[in-house]
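Data block for work.csv (CSV, C-alpha atoms (C1' of nucleotides)):
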chain,number,residue,atom,x,y,z
H,17,MET,CA,13.7,-21.6,-11.4
H,18,VAL,CA,10.7,-23.5,-12.7
H,19,GLN,CA,11.6,-22.7,-16.3
H,20,LEU,CA,14.6,-24.8,-15.9
H,21,GLY,CA,12.4,-27.7,-14.9
H,22,ARG,CA,10.4,-27.4,-18.1
H,23,HIS,CA,13.6,-27.3,-20.0
H,24,PHE,CA,15.0,-30.4,-18.3
H,25,GLY,CA,16.7,-32.9,-20.6
H,26,ALA,CA,17.1,-30.5,-23.5
H,27,GLY,CA,20.6,-29.4,-22.7
H,28,PRO,CA,21.7,-26.3,-21.0
H,29,ALA,CA,19.6,-23.1,-21.2
H,30,SER,CA,21.3,-19.8,-21.4
H,31,LEU,CA,20.3,-17.0,-19.1
H,32,ALA,CA,19.4,-14.9,-22.1
H,33,GLU,CA,16.8,-17.5,-23.1
H,34,ILE,CA,15.3,-17.7,-19.7
H,35,ALA,CA,15.3,-14.0,-19.3
H,36,ALA,CA,13.3,-13.7,-22.5
H,37,GLU,CA,10.8,-16.4,-21.6
H,38,GLU,CA,10.3,-15.0,-18.1
H,39,ASP,CA,10.8,-11.4,-18.9
H,40,LEU,CA,12.9,-10.7,-16.0
H,41,PRO,CA,16.2,-8.8,-16.1
H,42,ARG,CA,19.0,-11.1,-17.0
H,43,ALA,CA,21.4,-9.7,-14.5
H,44,TYR,CA,19.0,-10.4,-11.7
H,45,LEU,CA,18.6,-14.0,-12.8
H,46,GLU,CA,22.3,-14.5,-12.6
H,47,GLN,CA,22.1,-13.6,-8.9
H,48,LEU,CA,19.4,-16.1,-8.3
H,49,VAL,CA,21.0,-18.9,-10.2
H,50,MET,CA,24.1,-18.3,-8.2
H,51,SER,CA,22.3,-19.4,-5.0
H,52,LEU,CA,20.9,-22.4,-6.8
H,53,ARG,CA,24.3,-23.3,-7.9
H,54,GLU,CA,25.8,-23.1,-4.4
H,55,ALA,CA,23.0,-25.4,-3.3
H,56,LYS,CA,24.0,-27.9,-6.0
H,57,LEU,CA,20.6,-27.7,-7.6
H,58,VAL,CA,21.8,-26.5,-11.0
H,59,GLY,CA,25.0,-26.8,-12.8
H,60,GLY,CA,26.4,-24.3,-15.2
H,61,THR,CA,28.5,-25.0,-18.3
H,62,ARG,CA,30.6,-22.1,-19.6
H,63,GLY,CA,31.7,-20.9,-23.0
H,64,ALA,CA,29.7,-20.3,-26.1
H,65,HIS,CA,26.5,-22.5,-26.2
H,66,GLY,CA,26.7,-22.8,-22.5
H,67,GLY,CA,24.0,-22.3,-20.0
H,68,TYR,CA,22.4,-23.8,-16.9
H,69,GLU,CA,20.9,-27.2,-16.3
H,70,LEU,CA,19.2,-29.0,-13.4
H,71,ALA,CA,21.6,-31.1,-11.5
H,72,ARG,CA,18.9,-33.8,-10.8
H,73,SER,CA,15.5,-34.7,-12.2
H,74,PRO,CA,12.6,-32.4,-11.4
H,75,GLU,CA,10.8,-35.1,-9.6
H,76,SER,CA,13.6,-35.4,-7.1
H,77,ILE,CA,13.9,-31.8,-6.3
H,78,SER,CA,11.5,-30.7,-3.5
H,79,MET,CA,10.4,-27.1,-3.4
H,80,SER,CA,11.6,-26.8,0.1
H,81,GLU,CA,15.1,-27.3,-1.3
H,82,VAL,CA,14.6,-24.6,-3.9
H,83,LEU,CA,13.1,-22.1,-1.5
H,84,ARG,CA,15.8,-22.7,1.1
H,85,ALA,CA,18.4,-22.1,-1.5
H,86,LEU,CA,16.8,-18.9,-2.7
H,87,GLU,CA,15.6,-17.4,0.5
H,88,GLY,CA,17.6,-19.0,3.3
H,89,PRO,CA,16.4,-21.2,6.1
H,90,ILE,CA,12.6,-21.4,6.6
H,91,ALA,CA,11.9,-19.3,9.6
H,92,PRO,CA,8.8,-17.2,10.3
H,93,MET,CA,10.7,-15.6,13.1
H,94,MET,CA,14.5,-15.5,13.8
H,95,CYS,CA,13.9,-17.5,17.0
H,96,ALA,CA,12.3,-20.4,15.1
H,97,SER,CA,14.7,-21.2,12.3
H,98,ASP,CA,15.2,-24.4,10.4
H,99,ASP,CA,19.0,-24.1,10.6
H,100,PRO,CA,20.3,-24.0,14.2
H,101,GLU,CA,23.2,-21.9,13.1
H,102,HIS,CA,21.2,-19.0,12.1
H,103,SER,CA,18.6,-19.1,14.8
H,104,ILE,CA,19.3,-16.3,17.2
H,105,GLY,CA,17.5,-16.8,20.5
H,106,CYS,CA,15.6,-13.7,21.4
H,107,ASP,CA,16.5,-12.0,24.7
H,108,ARG,CA,13.2,-12.9,26.3
H,109,SER,CA,13.3,-16.5,25.4
H,110,ALA,CA,12.7,-17.5,29.0
H,111,ARG,CA,9.2,-16.1,29.3
H,112,CYS,CA,8.4,-16.3,25.6
H,113,THR,CA,5.5,-18.7,25.1
H,114,VAL,CA,5.0,-17.7,21.5
H,115,ASN,CA,7.9,-19.8,20.2
H,116,VAL,CA,5.9,-23.0,19.9
H,117,LEU,CA,3.5,-21.2,17.6
H,118,TRP,CA,6.2,-20.2,15.2
H,119,VAL,CA,7.7,-23.7,15.3
H,120,ARG,CA,4.3,-25.0,14.3
H,121,VAL,CA,4.0,-22.6,11.5
H,122,ARG,CA,7.4,-23.3,10.3
H,123,ASP,CA,6.7,-27.1,10.3
H,124,ALA,CA,3.5,-26.5,8.4
H,125,VAL,CA,5.3,-24.5,5.8
H,126,ALA,CA,8.1,-27.0,5.5
H,127,GLY,CA,5.6,-29.8,5.2
H,128,ALA,CA,3.7,-28.0,2.4
H,129,LEU,CA,7.0,-27.3,0.6
H,130,ASP,CA,8.3,-30.8,1.0
H,131,SER,CA,5.1,-32.2,-0.4
H,132,MET,CA,5.7,-30.6,-3.8
H,133,THR,CA,8.5,-31.1,-6.3
H,134,LEU,CA,9.6,-29.1,-9.2
H,135,ALA,CA,7.9,-31.6,-11.4
H,136,ASP,CA,4.6,-30.6,-9.9
H,137,LEU,CA,5.1,-27.1,-11.2
H,138,VAL,CA,6.1,-27.6,-14.8
H,139,PRO,CA,3.1,-26.9,-17.0
H,140,PRO,CA,0.5,-29.7,-16.8
H,141,ARG,CA,0.9,-31.3,-20.2
H,142,ALA,CA,4.6,-32.0,-19.4
H,143,ALA,CA,4.0,-33.8,-16.1
H,144,PRO,CA,5.6,-37.2,-16.7
H,145,THR,CA,5.1,-39.4,-13.6
H,146,PRO,CA,1.9,-39.0,-11.6
H,147,ILE,CA,2.9,-38.0,-8.1
H,148,GLN,CA,1.1,-39.3,-5.1
H,149,PRO,CA,-1.6,-36.8,-4.3
H,150,SER,CA,-0.4,-34.6,-1.4
H,151,PRO,CA,-1.1,-36.2,1.9
H,152,LEU,CA,-1.1,-32.7,3.4
H,153,GLN,CA,-4.2,-31.0,2.2
H,154,GLY,CA,-6.7,-33.5,3.7
H,155,ALA,CA,-5.4,-32.8,7.2
H,156,LEU,CA,-5.4,-29.1,6.7
H,157,THR,CA,-9.0,-28.7,5.4
H,158,THR,CA,-10.6,-30.9,8.0
H,159,PRO,CA,-12.5,-28.9,10.6
R,12,MET,CA,-0.9,-9.4,22.6
R,13,VAL,CA,-0.4,-12.5,24.6
R,14,GLN,CA,0.0,-10.6,27.9
R,15,LEU,CA,-3.6,-9.4,27.5
R,16,GLY,CA,-4.6,-13.0,27.4
R,17,ARG,CA,-2.8,-13.7,30.7
R,18,HIS,CA,-4.5,-10.7,32.2
R,19,PHE,CA,-7.9,-11.7,31.1
R,20,GLY,CA,-10.7,-11.2,33.6
R,21,ALA,CA,-8.7,-8.9,35.8
R,22,GLY,CA,-10.0,-5.7,34.4
R,23,PRO,CA,-8.4,-3.5,31.9
R,24,ALA,CA,-4.6,-3.3,31.7
R,25,SER,CA,-2.9,0.0,30.9
R,26,LEU,CA,-0.3,0.2,28.2
R,27,ALA,CA,2.2,1.4,30.8
R,28,GLU,CA,1.8,-1.9,32.7
R,29,ILE,CA,2.1,-4.0,29.6
R,30,ALA,CA,5.1,-2.0,28.3
R,31,ALA,CA,6.8,-2.6,31.6
R,32,GLU,CA,6.1,-6.4,31.7
R,33,GLU,CA,7.1,-6.8,28.0
R,34,ASP,CA,9.8,-4.2,28.0
R,35,LEU,CA,8.7,-2.8,24.7
R,36,PRO,CA,8.3,0.9,24.0
R,37,ARG,CA,4.8,2.0,25.1
R,38,ALA,CA,4.3,4.2,22.0
R,39,TYR,CA,4.9,1.2,19.8
R,40,LEU,CA,2.4,-0.9,21.7
R,41,GLU,CA,-0.2,1.8,21.1
R,42,GLN,CA,0.2,1.3,17.4
R,43,LEU,CA,-0.2,-2.5,17.7
R,44,VAL,CA,-3.2,-2.3,19.9
R,45,MET,CA,-4.9,0.0,17.5
R,46,SER,CA,-4.9,-2.8,14.9
R,47,LEU,CA,-6.3,-5.2,17.4
R,48,ARG,CA,-9.0,-2.7,18.3
R,49,GLU,CA,-10.0,-2.2,14.7
R,50,ALA,CA,-10.4,-6.0,14.5
R,51,LYS,CA,-12.6,-5.9,17.5
R,52,LEU,CA,-10.3,-8.2,19.4
R,53,VAL,CA,-9.7,-5.8,22.3
R,54,GLY,CA,-11.6,-3.0,23.7
R,55,GLY,CA,-10.2,0.1,25.3
R,56,THR,CA,-11.7,2.0,28.3
R,57,ARG,CA,-10.5,5.6,28.6
R,58,GLY,CA,-9.8,8.0,31.4
R,59,ALA,CA,-7.8,7.4,34.5
R,60,HIS,CA,-7.7,3.7,35.6
R,61,GLY,CA,-8.5,2.8,32.0
R,62,GLY,CA,-6.7,0.3,29.8
R,63,TYR,CA,-7.3,-2.5,27.3
R,64,GLU,CA,-9.1,-5.7,27.7
R,65,LEU,CA,-9.8,-8.7,25.5
R,66,ALA,CA,-13.2,-8.5,23.8
R,67,ARG,CA,-13.7,-12.3,24.0
R,68,SER,CA,-12.3,-15.2,26.0
R,69,PRO,CA,-8.8,-16.3,25.1
R,70,GLU,CA,-10.1,-19.7,24.1
R,71,SER,CA,-12.3,-18.2,21.5
R,72,ILE,CA,-9.6,-16.1,19.8
R,73,SER,CA,-7.6,-18.0,17.2
R,74,MET,CA,-4.1,-16.9,16.5
R,75,SER,CA,-5.0,-16.6,12.8
R,76,GLU,CA,-7.3,-13.7,13.8
R,77,VAL,CA,-4.6,-12.1,15.9
R,78,LEU,CA,-2.0,-12.4,13.1
R,79,ARG,CA,-4.4,-11.2,10.5
R,80,ALA,CA,-5.2,-8.2,12.6
R,81,LEU,CA,-1.5,-7.4,13.2
R,82,GLU,CA,0.1,-8.2,9.9
R,83,GLY,CA,-2.7,-8.1,7.4
R,84,PRO,CA,-4.1,-10.9,5.3
R,85,ILE,CA,-2.1,-14.2,5.3
R,86,ALA,CA,-0.3,-14.2,2.0
R,87,PRO,CA,3.1,-15.7,1.2
R,88,MET,CA,2.9,-13.8,-2.1
R,89,MET,CA,0.6,-11.0,-3.2
R,90,CYS,CA,-0.9,-13.3,-5.8
R,91,ALA,CA,-2.1,-15.8,-3.1
R,92,SER,CA,-3.8,-13.7,-0.5
R,93,ASP,CA,-6.5,-14.7,1.9
R,94,ASP,CA,-8.5,-11.6,1.3
R,95,PRO,CA,-9.6,-11.3,-2.4
R,96,GLU,CA,-9.6,-7.5,-2.0
R,97,HIS,CA,-5.9,-7.3,-1.5
R,98,SER,CA,-4.8,-10.0,-3.8
R,99,ILE,CA,-3.3,-8.4,-6.9
R,100,GLY,CA,-3.0,-10.8,-9.7
R,101,CYS,CA,0.5,-10.8,-11.1
R,102,ASP,CA,0.9,-9.8,-14.8
R,103,ARG,CA,2.0,-13.3,-15.8
R,104,SER,CA,-0.9,-15.0,-14.0
R,105,ALA,CA,-1.7,-16.9,-17.2
R,106,ARG,CA,1.5,-19.0,-17.5
R,107,CYS,CA,2.3,-18.9,-13.8
R,108,THR,CA,2.1,-22.4,-12.4
R,109,VAL,CA,3.6,-21.5,-9.1
R,110,ASN,CA,0.5,-20.0,-7.7
R,111,VAL,CA,-0.8,-23.4,-6.5
R,112,LEU,CA,2.3,-23.8,-4.4
R,113,TRP,CA,1.7,-20.5,-2.6
R,114,VAL,CA,-1.9,-21.3,-2.1
R,115,ARG,CA,-0.9,-24.6,-0.4
R,116,VAL,CA,1.6,-22.8,1.8
R,117,ARG,CA,-0.9,-20.2,2.7
R,118,ASP,CA,-3.5,-22.9,3.6
R,119,ALA,CA,-0.9,-24.7,5.7
R,120,VAL,CA,0.0,-21.6,7.6
R,121,ALA,CA,-3.7,-20.7,8.1
R,122,GLY,CA,-4.3,-24.2,9.3
R,123,ALA,CA,-1.5,-24.0,11.8
R,124,LEU,CA,-2.7,-20.7,13.0
R,125,ASP,CA,-6.3,-21.7,13.2
R,126,SER,CA,-5.3,-24.7,15.3
R,127,MET,CA,-4.1,-22.5,18.2
R,128,THR,CA,-5.9,-20.0,20.3
R,129,LEU,CA,-4.6,-17.3,22.5
R,130,ALA,CA,-5.3,-19.6,25.5
R,131,ASP,CA,-2.7,-22.0,24.2
R,132,LEU,CA,-0.1,-19.3,24.6
R,133,VAL,CA,-0.7,-18.0,28.0
R,134,PRO,CA,1.9,-19.5,30.4
R,135,PRO,CA,1.2,-23.2,31.1
R,136,ARG,CA,0.0,-22.9,34.7
R,137,ALA,CA,-2.8,-20.6,33.7
R,138,ALA,CA,-4.2,-22.8,31.0
R,139,PRO,CA,-7.8,-23.4,32.1
R,140,THR,CA,-9.5,-25.7,29.7
R,141,PRO,CA,-7.5,-28.6,28.1
R,142,ILE,CA,-7.5,-28.1,24.4
R,143,GLN,CA,-7.7,-30.9,21.9
R,144,PRO,CA,-4.1,-31.8,20.9
R,145,SER,CA,-3.5,-30.2,17.5
R,146,PRO,CA,-4.7,-32.6,14.8
R,147,LEU,CA,-2.2,-30.9,12.5
R,148,GLN,CA,1.2,-32.0,13.7
R,149,GLY,CA,0.7,-35.7,13.1
R,150,ALA,CA,0.1,-35.1,9.5
R,151,LEU,CA,3.0,-32.8,9.1
R,152,THR,CA,5.7,-34.9,10.7
R,153,THR,CA,4.8,-38.2,8.9
R,154,PRO,CA,7.3,-39.0,6.2
L,28,DC,C1',44.4,-18.8,-33.2
L,29,DT,C1',40.9,-15.7,-32.5
L,30,DC,C1',36.5,-14.1,-31.3
L,31,DA,C1',32.0,-14.0,-29.7
L,32,DA,C1',28.9,-16.2,-26.4
L,33,DT,C1',28.3,-17.3,-22.1
L,34,DC,C1',29.1,-18.1,-17.2
L,35,DC,C1',31.2,-16.2,-12.9
L,36,DC,C1',31.7,-12.6,-9.3
L,37,DG,C1',31.6,-8.5,-6.5
L,38,DA,C1',29.9,-4.1,-5.6
L,39,DC,C1',26.4,-0.7,-5.9
L,40,DG,C1',21.5,1.6,-5.7
L,41,DA,C1',16.6,2.5,-5.2
L,42,DA,C1',12.3,1.3,-3.1
L,43,DA,C1',9.6,-1.0,0.2
L,44,DT,C1',9.0,-2.6,5.0
L,45,DC,C1',9.7,-2.8,9.9
L,46,DA,C1',10.1,-1.3,14.5
L,47,DC,C1',9.8,2.6,16.7
L,48,DT,C1',9.3,7.8,18.1
L,49,DC,C1',6.9,12.3,18.6
L,50,DG,C1',3.5,15.4,19.7
L,51,DG,C1',-0.8,16.5,20.6
L,52,DG,C1',-5.6,15.9,21.5
L,53,DA,C1',-10.1,13.6,23.8
L,54,DT,C1',-12.2,11.2,28.0
L,55,DT,C1',-12.9,10.1,32.3
L,56,DG,C1',-12.3,8.9,37.5
L,57,DA,C1',-10.7,11.0,41.7
M,24,DT,C1',-10.1,20.8,38.2
M,25,DC,C1',-6.4,17.6,37.1
M,26,DA,C1',-3.9,13.7,36.2
M,27,DA,C1',-4.1,9.3,34.0
M,28,DT,C1',-5.1,7.1,30.2
M,29,DC,C1',-6.7,6.1,25.5
M,30,DC,C1',-6.8,7.9,20.7
M,31,DC,C1',-4.6,9.3,16.3
M,32,DG,C1',-1.6,10.9,12.5
M,33,DA,C1',2.8,11.9,10.9
M,34,DG,C1',7.8,11.1,10.9
M,35,DT,C1',12.4,8.5,11.2
M,36,DG,C1',16.3,5.1,10.8
M,37,DA,C1',17.7,0.6,9.8
M,38,DT,C1',17.2,-3.5,7.2
M,39,DT,C1',15.7,-6.2,3.4
M,40,DT,C1',14.4,-7.0,-1.4
M,41,DC,C1',14.7,-6.4,-6.1
M,42,DG,C1',17.4,-5.0,-9.5
M,43,DT,C1',21.8,-2.7,-12.0
M,44,DC,C1',26.6,-2.3,-13.6
M,45,DG,C1',31.1,-3.5,-15.0
M,46,DG,C1',34.4,-6.5,-15.7
M,47,DG,C1',36.7,-10.8,-15.8
M,48,DA,C1',37.3,-16.2,-17.0
M,49,DT,C1',36.1,-20.2,-20.2
M,50,DT,C1',35.0,-22.4,-24.1
M,51,DG,C1',33.1,-23.8,-28.8
M,52,DA,C1',33.1,-22.3,-33.6
M,53,DG,C1',35.2,-20.4,-37.6
Translate the structure of the given file into structure tokens.
Amino acid sequence: MVQLGRHFGAGPASLAEIAAEEDLPRAYLEQLVMSLREAKLVGGTRGAHGGYELARSPESISMSEVLRALEGPIAPMMCASDDPEHSIGCDRSARCTVNVLWVRVRDAVAGALDSMTLADLVPPRAAPTPIQPSPLQGALTTP
Amino acid sequence: MVQLGRHFGAGPASLAEIAAEEDLPRAYLEQLVMSLREAKLVGGTRGAHGGYELARSPESISMSEVLRALEGPIAPMMCASDDPEHSIGCDRSARCTVNVLWVRVRDAVAGALDSMTLADLVPPRAAPTPIQPSPLQGALTTP
DNA sequence: CTCAATCCCGACGAAATCACTCGGGATTGA
DNA sequence: TCAATCCCGAGTGATTTCGTCGGGATTGAG
């Protein structure tokens, strides 16, 4: 996850390393990285001295991509999913007025996630390019 | 939930009625309404011909209140909860740079929820006072 | 060539959560 | 008095989440 961002440009990082730094079980990490790989966000190189690496620069990877890769489509409820494939319309869709609410929430979340990149989350001192300050939070904190 | 909003001003509605209209199990509704009662959003009147009623007008009840009552504090992760009481700091809080992300998401959700009231969700024809069009969605859909 | 490090993959398991059920009071209008 | 209704706590079954296990397949180094 984020550790890979910190490690960017320094060659591949083995799961063993990451597991140590993050103290998470290595076997579990494997599983997570698999999802990231399927989403083409990281690439793995095999063999001794192998490991994982970001496929693109941290600045170009939005957190919405990461989260979608790890947790599936953004959907507060099944009837308001990002991905039309997975959205199963609930039986009472006709008289259900609540759907708009969920759609709003979903868009809010997606917006927040889109407004941050992996680079925003690597520890401060390493932040290379100043990012435009999120346009989002102004709108959200106004009364 | 929303049905109560629709029913506002027409005296108390029994769970049996609501269960019929919503076709949800009545016993389950009881449980939900309990939470709403604890949050002072609805009041119950007992005895024959009793039922539940909104405690305030639908326009004055924000969906964030409702959701907080039903699902607890708004918190995408435990380390970024609305309610300081329930927020349990994760062990790695020191080196955890991800927290800001969750806080942003939480605020986005809270904002979206605050921007809608129960009245916005009662079926269109019944909407009494025109609400100011949400200030939120403009900000969220801009590139 | 061989071997150890590492990724790749599928299946399994325990714990928490969700949606819902059961059974039995306590109150009140008719 | 009695039936309708709220009030309340405990219990259940399915699903999801977090994490484990074991065994290949690849590749660089010696």
Item to check | Between atom CA of Ile104 of chain H and atom CA of Leu129 of chain H - distance in Å to one decimal | outcome: 23.4 Å
Please build the interface table for chain M against segment 37-54 of chain H with a cut-off of 9 Å, listing for each qualifying residue the nearest atom pair and the distance in Å to one decimal; count all atoms listed in the file, order rows by chain and increasing number, and write it as JSON lines.
{"residue": "M:DC41", "atom": "C1'", "partner": "H:Tyr44", "partner_atom": "CA", "distance": 8.1}
{"residue": "M:DG42", "atom": "C1'", "partner": "H:Tyr44", "partner_atom": "CA", "distance": 6.0}
{"residue": "M:DT43", "atom": "C1'", "partner": "H:Ala43", "partner_atom": "CA", "distance": 7.4}
Item to check | Residue nearest DG52 of chain L among M:DG47, M:DA52, M:DC31, M:DT39 (counting only C-alpha atoms (C1' of nucleotides)) | outcome: M:DC31
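Taking all atoms listed in the file, the non-local environment of Gly66 of chain H within 10 Å (same-chain residues fewer than 4 positions away omitted) comprises Gly27, Pro28, Ala29, Ser30, Leu31, Gly60, Thr61 and Arg62 of chain H; DA32, DT33 and DC34 of chain L; DT50 and DG51 of chain M.
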For DG36 of chain M, please output as a PDB file with C-alpha atoms (C1' of nucleotides), in the coordinates of the input all residues within 10 Å (counting all atoms listed in the file; exclusion window: fewer than 2 positions along the same chain).
ATOM      1  C1'  DA L  46      10.100  -1.300  14.500  1.00  0.00           C
ATOM      2  C1'  DC L  47       9.800   2.600  16.700  1.00  0.00           C
TER       3       DC L  47
ATOM      4  C1'  DT M  38      17.200  -3.500   7.200  1.00  0.00           C
TER       5       DT M  38
END
